[in-house]
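Chemist: Here it is: the structure, laid out below.
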Amino acid sequence: DAGITQSPRHKVTETGTPVTLRCHQTENHRYMYWYRQDPGHGLRLIHYSYGVKDTDKGEVSDGYSVSRSKTEDFLLTLESATSSQTSVYFCAIMQRSNTEAFFGQGTRLTVV
Amino acid sequence: DAKTTQPNSMESNEEEPVHLPCNHSTISGTDYIHWYRQLPSQGPEYVIHGLTSNVNNRMASLAIAEDRKSSTLILHRATLRDAAVYYCILIDQGAQKLVFGQGTRLTINP
């Protein structure tokens, strides 16, 4: 199995509080991605990173920020969580487009 | 971003072959075609990928049209464990964005 872990795996937080999710890899892959998946829907790209300190927005980036200060960690921050951000969040890593991507097991976030 | 179109759902029987189609008429010459699947309550997992030529691996085969505007994922002998949502994705060699569509929900009947 690829070395990719997400933490925490489950979190319940209150509206208006900041939340940070962590994606950690041991594969030294260049590209890292954050997605959210809501019931009955596919994965929607939030942000992605193409290197240390290099990030770009995805389809649904409003309300989210990211940081990548070292190759192995990609952090997703909800500055002020809202109930609409209740979702399952997945992280993925990929070395380049002609190699496979690996996904974490997901973080279930509930904002009450 | 180049888009893909897949049927919302398909159904097949156990031990029969399954052909999952994907249309990508706006594909560029440098886009790789990737397939992933997502089992219930799990993250997506890689199935196969290709550029121009057909590809085979232990899980499946990928047939790519000569003009690259469509592709087909082939599961040679479906099992109940193959019931999942299958995603066809194009990844360009520039931005390397990994953007999912809605996928095809595959149901396997015993």
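Ordering of the structure tokens sets the chain letters (A, B, ...), residue numbers begin anew at 1 in every chain, and ligands are numbered from 1 in the order given.
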If you take only C-alpha atoms and a cut-off of 7 Å, which residues of chain A touch chain B, and what are their nearest atom pairs and distances in Å to one decimal, in chain and number order, as JSON lines?

Modeler:
```
{"residue": "A:His41", "atom": "CA", "partner": "B:Gln102", "partner_atom": "CA", "distance": 6.9}
{"residue": "A:Gly42", "atom": "CA", "partner": "B:Gln102", "partner_atom": "CA", "distance": 5.2}
{"residue": "A:Leu43", "atom": "CA", "partner": "B:Phe100", "partner_atom": "CA", "distance": 5.9}
{"residue": "A:Arg44", "atom": "CA", "partner": "B:Phe100", "partner_atom": "CA", "distance": 6.7}
{"residue": "A:Leu45", "atom": "CA", "partner": "B:Val99", "partner_atom": "CA", "distance": 6.3}
{"residue": "A:Phe90", "atom": "CA", "partner": "B:Gly43", "partner_atom": "CA", "distance": 7.0}
{"residue": "A:Arg96", "atom": "CA", "partner": "B:Gln96", "partner_atom": "CA", "distance": 6.9}
{"residue": "A:Ser97", "atom": "CA", "partner": "B:Gln93", "partner_atom": "CA", "distance": 5.8}
{"residue": "A:Asn98", "atom": "CA", "partner": "B:Tyr32", "partner_atom": "CA", "distance": 6.6}
{"residue": "A:Glu100", "atom": "CA", "partner": "B:Tyr46", "partner_atom": "CA", "distance": 6.3}
{"residue": "A:Ala101", "atom": "CA", "partner": "B:Tyr46", "partner_atom": "CA", "distance": 6.6}
{"residue": "A:Phe102", "atom": "CA", "partner": "B:Glu45", "partner_atom": "CA", "distance": 6.8}
{"residue": "A:Phe103", "atom": "CA", "partner": "B:Gly43", "partner_atom": "CA", "distance": 5.9}
{"residue": "A:Gly104", "atom": "CA", "partner": "B:Gly43", "partner_atom": "CA", "distance": 6.2}
{"residue": "A:Gln105", "atom": "CA", "partner": "B:Gly43", "partner_atom": "CA", "distance": 5.2}
{"residue": "A:Gly106", "atom": "CA", "partner": "B:Gly43", "partner_atom": "CA", "distance": 6.4}
```

Chemist: Skip range 26-29 of chain A itself and residues of its chain fewer than 2 positions away, then list as a list in words all residues within 8 Å of it, counting only C-alpha atoms.

Modeler: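 So, after excluding close chain neighbours, the residues are Ala2, Gly3, Ile4, His24, Tyr31, Met32, Thr71, Glu72, Ile93, Met94 and Gln95 of chain A.
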
Chemist: May I have the selected residues written with N, CA, C and O atoms, as an mmCIF file, in the first residue's frame?

Modeler:
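Wrote again_17.cif, looks like this:
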```cif
data_model
loop_
_atom_site.group_PDB
_atom_site.id
_atom_site.type_symbol
_atom_site.label_atom_id
_atom_site.label_comp_id
_atom_site.auth_asym_id
_atom_site.auth_seq_id
_atom_site.Cartn_x
_atom_site.Cartn_y
_atom_site.Cartn_z
ATOM 1 N N ALA A 2 0.393 2.269 -0.730
ATOM 2 C CA ALA A 2 1.128 3.520 -0.759
ATOM 3 C C ALA A 2 1.086 4.172 0.599
ATOM 4 O O ALA A 2 0.137 4.048 1.346
ATOM 5 N N GLY A 3 2.183 4.908 0.906
ATOM 6 C CA GLY A 3 2.262 5.565 2.198
ATOM 7 C C GLY A 3 1.555 6.894 2.189
ATOM 8 O O GLY A 3 2.179 7.947 1.977
ATOM 9 N N ILE A 4 0.269 6.899 2.405
ATOM 10 C CA ILE A 4 -0.502 8.124 2.509
ATOM 11 C C ILE A 4 -1.473 7.980 3.662
ATOM 12 O O ILE A 4 -2.214 6.998 3.739
ATOM 13 N N HIS A 24 -0.471 13.242 4.905
ATOM 14 C CA HIS A 24 0.954 12.955 5.029
ATOM 15 C C HIS A 24 1.323 11.804 4.100
ATOM 16 O O HIS A 24 0.633 10.786 4.054
ATOM 17 N N TYR A 31 2.816 15.679 -6.621
ATOM 18 C CA TYR A 31 1.490 16.278 -6.634
ATOM 19 C C TYR A 31 0.638 15.751 -5.476
ATOM 20 O O TYR A 31 0.625 14.554 -5.188
ATOM 21 N N MET A 32 -0.081 16.680 -4.848
ATOM 22 C CA MET A 32 -1.008 16.305 -3.783
ATOM 23 C C MET A 32 -2.315 17.049 -3.996
ATOM 24 O O MET A 32 -2.324 18.184 -4.503
ATOM 25 N N THR A 71 7.496 18.532 1.335
ATOM 26 C CA THR A 71 6.977 17.602 0.353
ATOM 27 C C THR A 71 5.933 16.662 0.936
ATOM 28 O O THR A 71 4.927 16.365 0.298
ATOM 29 N N GLU A 72 6.164 16.193 2.129
ATOM 30 C CA GLU A 72 5.336 15.120 2.668
ATOM 31 C C GLU A 72 4.005 15.543 3.267
ATOM 32 O O GLU A 72 3.149 14.695 3.488
ATOM 33 N N ILE A 93 -2.256 11.553 -3.812
ATOM 34 C CA ILE A 93 -0.907 11.888 -4.228
ATOM 35 C C ILE A 93 -0.638 11.262 -5.588
ATOM 36 O O ILE A 93 -1.203 10.229 -5.941
ATOM 37 N N MET A 94 0.221 11.915 -6.363
ATOM 38 C CA MET A 94 0.585 11.384 -7.673
ATOM 39 C C MET A 94 1.961 11.928 -8.031
ATOM 40 O O MET A 94 2.260 13.094 -7.753
ATOM 41 N N GLN A 95 2.776 11.102 -8.668
ATOM 42 C CA GLN A 95 4.097 11.568 -9.054
ATOM 43 C C GLN A 95 4.033 12.351 -10.363
ATOM 44 O O GLN A 95 4.620 13.413 -10.492
#
```

Chemist: Work out how far apart CA of Ser83 in chain A and CA of Gly63 in chain A are and give it in Å to one decimal.

Modeler: 11.7 Å

Chemist: Quick one: pull the distance between CA of Tyr86 in chain B and CA of Arg105 in chain B, Å, one decimal.

Modeler: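 Interatomic distance here is 6.4 Å.
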
Chemist: Compile the contact shell of Leu21 in chain A as a ChimeraX atom specification: residues with an atom at most 12 Å away, counting only C-alpha atoms, same-chain residues fewer than 3 positions apart removed.

Modeler: /A:5-11,18,24,34-36,64-67,73-79,88-91,106-109

Chemist: When DSSP is applied to the backbone of this structure, which of chain B are assigned strand (DSSP E)? Write them out as a ChimeraX atom specification.

Modeler: /B:9-13,18-23,32-38,45-50,55-56,61-64,70-75,84-91,104-109

Chemist: One decimal, Å: what's the distance from CA of Glu16 in chain B over to CA of Arg77 in chain B, could you say?

Modeler: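 A separation of 4.9 Å between them.
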
Chemist: Could you give me, as a ChimeraX atom specification, the residues within 9 Å of range 4-15 of chain B, counting only C-alpha atoms and dropping anything in the same chain fewer than 2 positions from it?

Modeler: /B:2,17-18,20-27,70,76-80,85,87-90,100-110

Chemist: Between B:Leu39, B:His19, B:Arg81, B:Gly29, which is the closest to Ala60 in chain B once you count only C-alpha atoms?

Modeler: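 Closest candidate: B:His19.
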